[in-house]
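Novice: Once you've had a glance at the structure underneath, I'll fire off some questions.
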Amino acid sequence: MKLDKRNNLLYFPMILYLFSMAPFLGQHNSVTLIISGVGVLLSLILNQKNIQLPILLRYGFVAFSTIAVFRSFGSLKGLEAGTGLLSILAVIKLFEMKKPRDFFIFVLIIELLLVGHLLSADSLAVLIYVLVLSVILFYFLSIFNKKNEFHLDRERIKITLKVFLYSIPLAAILFFAFPRLYLGNLFTSNVKEKGLMGFSEKLRPGDMAELATSEEDIFRAKVNGKPLSQFDMYWRGAVLTRTDGFNWVPGYTKSRHFYKFLEDKEKFSYEVDMDKLENTPLFLLEGSTNVQVMSRGKIERLAGHSYKVAPYNNQKIRYKAKVVETDFLPLGEKEQKVYLQLPRTISKRVRDLARKMSEGKSFEEKVQSVKDHFYQKDFEYTLAPGKYEGERPLEEFLFVRKKGFCEHYSSAAAILFRLMGIHTRVLAGFQGGEFNPIGNYYLIQGRDAHAWVELFDPKKGWIRVDPTSWIAPNRIRLGSNAFFNGLVRPENLTEEEFIAGLNNSFLKKLKFTIDMYYYEMNRNFLGYDYDAQKDFFKKFGFEYRRPFYLFLFCLFLCAVVTISVILYQGRKIDNRPDFEKSWDLFLSILKKKNVEFDSYMGPDTIHQKTKLQISCGPEVSKVFDLYISLKYGAQFDETKARQFDAAVQEATQLMGQQV
């Protein structure tokens, strides 16, 4: 690839730029993507027309881009603003890709951009991708010569791979000696403002259905102590206390929980690894306490024993908790009002329905009357009920259309309960999860999104009531996978046997195996922090030492590895071409056949002596002819070299000596 007339060197850097950006488009905002896209197209057009962008316009483009990034992020500091600027700088460098120096600077910018992308991600796959792309960049830097040409050189490939392999021991030593420190954003303390895609801390009936049709991974949960049933797996996210008559928002956010945790009666513990880098509630099982967030970020404790975490830009959320038995505390006067709040817009028809179902009834009878109403009045559970956009959506749902998703039933039931004088709140989160028997963890996906209600029983405290179980019980009993795929449980199988049978196919087991390896590598590699380091050394019988001694030990190991590599590289290495090595092998075979010749003799002389001393056919003569052509030819011929190796193989076999 030469630099002449039209700048053909531009295309290769452009490909590198696209590879460095394509997997990370979600990390950049629309301003950065638009400017970068326009810049790439403009550089391509100018290159085709063999026009160079004037330097004043280039400076103007730089100034405009810098101002745009500043207005977009409110600062030029921070990881996101930094990667945005680097991506635009790389595009600007495409406008002046004329000399080797320009290519070297471009590669430096790309490497910095990749580092920024890596810091904004928390995935082993991203790390491997960046590593492979960096090796490719290093290789092309090594073969780019002063003639502005690229030559695919096998020897250079070997050298590049050797450098990479030699660096692995040093990288391993540094990895185990220096655990990952969650520093967040090194330049600012900004946290992720983006929420979990498709999940909202507000409940607007109909919105969650979009998330429930997705198979996107949300989080993985590893449970220690006992297997969980579908009825155990209610992952509480947002606690919603205020309604406008159909929609719900958090409202009251004081941190008092009205739970008494019995710490000595632990049931089990669990760890959760979120799959995305996003601002999200912590999804906790009922009775969870001792919640420990293992990721740095802004943690907020909310009402209803719920938490919200905004992680720093370079890590996913990881947390653990234990589930214990609980007792309850009575509601305070203020809380009683909060959990009975209703707008005045609730229609008379709905109020009359609630009064009719609750007159003269106990707490348990009121709950049963609401259940009977939904069960007996032909209500339908569907992901596509259509939008309720009229003036009275609750009345339209209860008396007219009677079609809805979990959100509709939870919202309607909660309002009816409050009209009956029962303290109620709505929960949004996830229900269920697919168990991976190979990795022994649960995978919670978008289709597990769910909403339900909690009622305050004066005798028991907060209890869970799930209206979906009244309308579509198989959604809860069998899980979202079986329910949304229309699978029916045979009568001769229990629910547990049916769910286990869904996971027995070869493809399902293969999927579980791949997911398990990926999850464990992410968990152990990216989660290698200070505590993990101590556990690692204990496995080998070493108590954790002070950082200073560990640092000295690390230096010693690095020195040992470095000296070993130097000694290995300094040994005598045969760097001759492969055909010369094959020639030496052929001569050694001739000597074994008692052919007498001296090492200083040329190939023609040896050929003549061979013909005089042993009987040899055209196969042997072909070896000599090809060697002379390779040895004394004007330039090296790869095809002839392969023919020569084959000829040596054939000749030695005919002479009774297997190579």
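By order of appearance in the structure tokens: chains A, B, ..., then residues from 1 within every chain, and ligands from 1 in the order shown.
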When DSSP is applied to the backbone of this structure, which of range 187-376 of chain A are assigned strand (DSSP E or B)? Write them out as JSON, numbers by chain.

Specialist: {"A": [191, 195, 203, 217, 218, 219, 220, 221, 222, 223, 224, 234, 235, 236, 237, 238, 239, 240, 242, 243, 248, 249, 259, 260, 261, 262, 263, 264, 265, 266, 267, 268, 269, 270, 271, 272, 273, 274, 279, 280, 281, 284, 288, 289, 290, 291, 292, 293, 297, 298, 299, 300, 301, 302, 306, 307, 308, 309, 310, 311, 312, 318, 319, 320, 321, 322, 323, 324, 325, 326, 327, 328]}

Novice: Would you list the contacts of Ile157 in chain A as number ranges by chain, taking every protein, DNA or RNA residue within 12 Å and counting only C-alpha atoms, but skipping same-chain residues closer than 2 positions in sequence?

Specialist: A: 135-143, 151-155, 159-164

Novice: Given the selection you just returned, output its residues as a file containing N, CA and C atoms, formatted as a JSON list (two decimals), in the first residue's frame.

Specialist:
```json
[["chain", "number", "residue", "atom", "x", "y", "z"],
["A", 135, "VAL", "N", -2.77, -5.75, 19.74],
["A", 135, "VAL", "CA", -1.71, -6.57, 19.12],
["A", 135, "VAL", "C", -1.64, -6.30, 17.62],
["A", 136, "ILE", "N", -2.80, -6.16, 16.98],
["A", 136, "ILE", "CA", -2.83, -5.86, 15.54],
["A", 136, "ILE", "C", -2.22, -4.48, 15.27],
["A", 137, "LEU", "N", -2.55, -3.51, 16.10],
["A", 137, "LEU", "CA", -1.97, -2.17, 15.95],
["A", 137, "LEU", "C", -0.45, -2.22, 16.10],
["A", 138, "PHE", "N", 0.02, -2.96, 17.08],
["A", 138, "PHE", "CA", 1.47, -3.08, 17.30],
["A", 138, "PHE", "C", 2.14, -3.72, 16.09],
["A", 139, "TYR", "N", 1.50, -4.72, 15.51],
["A", 139, "TYR", "CA", 2.08, -5.39, 14.35],
["A", 139, "TYR", "C", 2.21, -4.43, 13.17],
["A", 140, "PHE", "N", 1.16, -3.69, 12.88],
["A", 140, "PHE", "CA", 1.23, -2.79, 11.73],
["A", 140, "PHE", "C", 2.18, -1.62, 11.97],
["A", 141, "LEU", "N", 2.34, -1.23, 13.21],
["A", 141, "LEU", "CA", 3.37, -0.23, 13.49],
["A", 141, "LEU", "C", 4.76, -0.78, 13.18],
["A", 142, "SER", "N", 4.98, -2.06, 13.46],
["A", 142, "SER", "CA", 6.30, -2.65, 13.27],
["A", 142, "SER", "C", 6.65, -2.86, 11.81],
["A", 143, "ILE", "N", 5.65, -2.98, 10.92],
["A", 143, "ILE", "CA", 5.96, -3.25, 9.51],
["A", 143, "ILE", "C", 5.86, -2.01, 8.65],
["A", 151, "HIS", "N", 3.94, -4.10, 4.31],
["A", 151, "HIS", "CA", 4.34, -5.42, 3.83],
["A", 151, "HIS", "C", 3.91, -6.45, 4.86],
["A", 152, "LEU", "N", 3.11, -7.41, 4.45],
["A", 152, "LEU", "CA", 2.75, -8.50, 5.35],
["A", 152, "LEU", "C", 3.95, -9.42, 5.48],
["A", 153, "ASP", "N", 4.56, -9.40, 6.62],
["A", 153, "ASP", "CA", 5.83, -10.08, 6.86],
["A", 153, "ASP", "C", 5.64, -11.17, 7.91],
["A", 154, "ARG", "N", 5.90, -12.42, 7.50],
["A", 154, "ARG", "CA", 5.72, -13.54, 8.42],
["A", 154, "ARG", "C", 6.64, -13.42, 9.64],
["A", 155, "GLU", "N", 7.86, -12.98, 9.41],
["A", 155, "GLU", "CA", 8.80, -12.85, 10.51],
["A", 155, "GLU", "C", 8.34, -11.79, 11.51],
["A", 159, "ILE", "N", 7.56, -12.08, 15.52],
["A", 159, "ILE", "CA", 8.13, -11.18, 16.52],
["A", 159, "ILE", "C", 7.03, -10.57, 17.38],
["A", 160, "THR", "N", 5.95, -10.13, 16.72],
["A", 160, "THR", "CA", 4.83, -9.53, 17.46],
["A", 160, "THR", "C", 4.23, -10.51, 18.44],
["A", 161, "LEU", "N", 4.02, -11.75, 17.99],
["A", 161, "LEU", "CA", 3.45, -12.76, 18.87],
["A", 161, "LEU", "C", 4.40, -13.10, 20.01],
["A", 162, "LYS", "N", 5.71, -13.10, 19.73],
["A", 162, "LYS", "CA", 6.68, -13.36, 20.79],
["A", 162, "LYS", "C", 6.62, -12.29, 21.87],
["A", 163, "VAL", "N", 6.57, -11.03, 21.43],
["A", 163, "VAL", "CA", 6.48, -9.93, 22.40],
["A", 163, "VAL", "C", 5.23, -10.08, 23.26],
["A", 164, "PHE", "N", 4.13, -10.45, 22.60],
["A", 164, "PHE", "CA", 2.88, -10.64, 23.32],
["A", 164, "PHE", "C", 3.00, -11.79, 24.33]]
```

Novice: For Lys581 in chain A, list every protein, DNA or RNA residue within 12 Å, evaluated using only C-alpha atoms, and leave out those in the same chain fewer than 5 positions away; present the list as a PyMOL selection string.

Specialist: chain A and resi 574-576+586-588+627+641+644-645+648

Novice: Find the spatial neighbours of range 514-516 of chain A, counting only C-alpha atoms, within a cut-off of 9 Å - ignore same-chain residues fewer than 3 positions away - and output them as a PDB file with C-alpha atoms, in the first residue's frame.

Specialist:
```
ATOM      1  CA  ASN A 436     -28.179 -22.739  35.406  1.00  0.00           C
ATOM      2  CA  ILE A 438     -23.900 -26.208  35.633  1.00  0.00           C
ATOM      3  CA  GLY A 439     -22.934 -22.864  37.147  1.00  0.00           C
ATOM      4  CA  ASN A 440     -25.366 -23.091  40.085  1.00  0.00           C
ATOM      5  CA  TYR A 441     -26.783 -19.594  39.637  1.00  0.00           C
ATOM      6  CA  LYS A 509     -26.806 -27.539  28.262  1.00  0.00           C
ATOM      7  CA  LEU A 510     -24.343 -26.071  25.770  1.00  0.00           C
ATOM      8  CA  LYS A 511     -25.824 -22.623  26.360  1.00  0.00           C
ATOM      9  CA  TYR A 519     -19.899 -15.528  33.987  1.00  0.00           C
ATOM     10  CA  GLU A 520     -17.222 -17.154  36.149  1.00  0.00           C
ATOM     11  CA  MET A 521     -14.373 -15.567  34.196  1.00  0.00           C
TER      12      MET A 521
END
```

Novice: Got a sec to tell me which of range 408-604 of chain A DSSP assigns to alpha helix (DSSP H), as a ChimeraX atom specification?

Specialist: /A:408-419,468-471,473-477,479-484,495-501,506-521,530-539,547-570,578-592,603-604

Novice: Go through A:Ser20, A:Glu271, A:Trp248, A:Thr639 and flag the residue nearest Val223 in chain A, using only C-alpha atoms for the distances.

Specialist: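 Under the stated criterion, the closest residue is A:Glu271.
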
Novice: Rank A:Gln613, A:Asp232, A:Arg401, A:Gly602 by their smallest atom-to-atom distance to Tyr632 in chain A, using only C-alpha atoms, and report the top residue only.

Specialist: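 Residue with the minimum atom-to-atom distance to Tyr632 in chain A: A:Gly602.
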
Novice: Just want the 9 Å neighbourhood of Phe268 in chain A, counted on only C-alpha atoms, with same-chain residues fewer than 4 positions away dropped. Output as a PyMOL selection string.

Specialist: chain A and resi 223-226+321-324

Novice: Given the selection you just returned, output its residues as a file containing C-alpha atoms, formatted as a JSON list (two decimals), in the first residue's frame.

Specialist:
```
[["chain", "number", "residue", "atom", "x", "y", "z"],
["A", 223, "VAL", "CA", -27.46, -18.44, 46.02],
["A", 224, "ASN", "CA", -25.68, -20.20, 48.87],
["A", 225, "GLY", "CA", -27.61, -22.41, 51.20],
["A", 226, "LYS", "CA", -30.77, -23.64, 49.51],
["A", 321, "ALA", "CA", -26.94, -10.00, 51.10],
["A", 322, "LYS", "CA", -28.36, -12.64, 53.38],
["A", 323, "VAL", "CA", -31.99, -13.57, 53.93],
["A", 324, "VAL", "CA", -33.22, -13.99, 57.51]]
```

Novice: Determine the nearest neighbour of Pro311 in chain A from the options A:Met274, A:Val350, A:Ala172, A:Ile51, counting only C-alpha atoms.

Specialist: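 Closest to Pro311 in chain A, using only C-alpha atoms: A:Met274.
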
Novice: Set the distance at 8 Å and use only C-alpha atoms: which residues neighbour Lys371 in chain A once local chain neighbours fewer than 3 positions away are removed? I'd like the list as an NGL selection string.

Specialist: :A and (367-368 or 374-375 or 467 or 470)

Novice: Record the distance separating CA of Lys622 in chain A and CA of Asp637 in chain A, expressed in Å with one decimal.

Specialist: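 Interatomic distance, CA of Lys622 in chain A to CA of Asp637 in chain A: 16.0 Å.
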
Novice: Between A:Phe12, A:Ala177, A:Leu131, A:His408, which residue has the minimum interatomic distance to Leu555 in chain A, considering only C-alpha atoms?

Specialist: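 For Leu555 in chain A, the nearest of the given residues is A:Ala177.
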
Novice: Would you mind reading off the distance between CA of Ala449 in chain A and CA of Trp235 in chain A, one decimal, in Å?

Specialist: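 A separation of 9.3 Å between them.
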
Novice: Please list as a VMD selection string every residue within 12 Å of Val595 in chain A, counting only C-alpha atoms and excluding residues in the same chain fewer than 6 positions away.

Specialist: chain A and resid 586 to 589 606 to 616

Novice: Selected residues, C-alpha atoms, written as a PDB file, in the first residue's frame, please.

Specialist:
```pdb
ATOM      1  CA  PHE A 586      19.418 -33.761   2.917  1.00  0.00           C
ATOM      2  CA  LEU A 587      23.231 -33.677   3.122  1.00  0.00           C
ATOM      3  CA  SER A 588      23.149 -35.591   6.405  1.00  0.00           C
ATOM      4  CA  ILE A 589      21.105 -38.308   4.685  1.00  0.00           C
ATOM      5  CA  ILE A 606      28.224 -32.703  -4.440  1.00  0.00           C
ATOM      6  CA  HIS A 607      25.670 -33.653  -7.090  1.00  0.00           C
ATOM      7  CA  GLN A 608      28.372 -35.126  -9.350  1.00  0.00           C
ATOM      8  CA  LYS A 609      29.959 -37.081  -6.472  1.00  0.00           C
ATOM      9  CA  THR A 610      26.567 -38.425  -5.459  1.00  0.00           C
ATOM     10  CA  LYS A 611      25.834 -39.749  -8.949  1.00  0.00           C
ATOM     11  CA  LEU A 612      29.239 -41.511  -8.992  1.00  0.00           C
ATOM     12  CA  GLN A 613      28.910 -43.144  -5.571  1.00  0.00           C
ATOM     13  CA  ILE A 614      25.258 -44.237  -5.411  1.00  0.00           C
ATOM     14  CA  SER A 615      22.485 -44.836  -7.856  1.00  0.00           C
ATOM     15  CA  CYS A 616      20.053 -41.936  -7.714  1.00  0.00           C
TER      16      CYS A 616
END
```

Novice: So how many Å separate CA of Trp452 in chain A and CA of Ala303 in chain A, to one decimal?

Specialist: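 The value is 16.4 Å.
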
Novice: Return the single residue from A:Gly617, A:Ser30, A:Met655, A:Arg355 that is closest to Lys593 in chain A, with distances computed using only C-alpha atoms.

Specialist: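 Closest residue, counting only C-alpha atoms: A:Met655.
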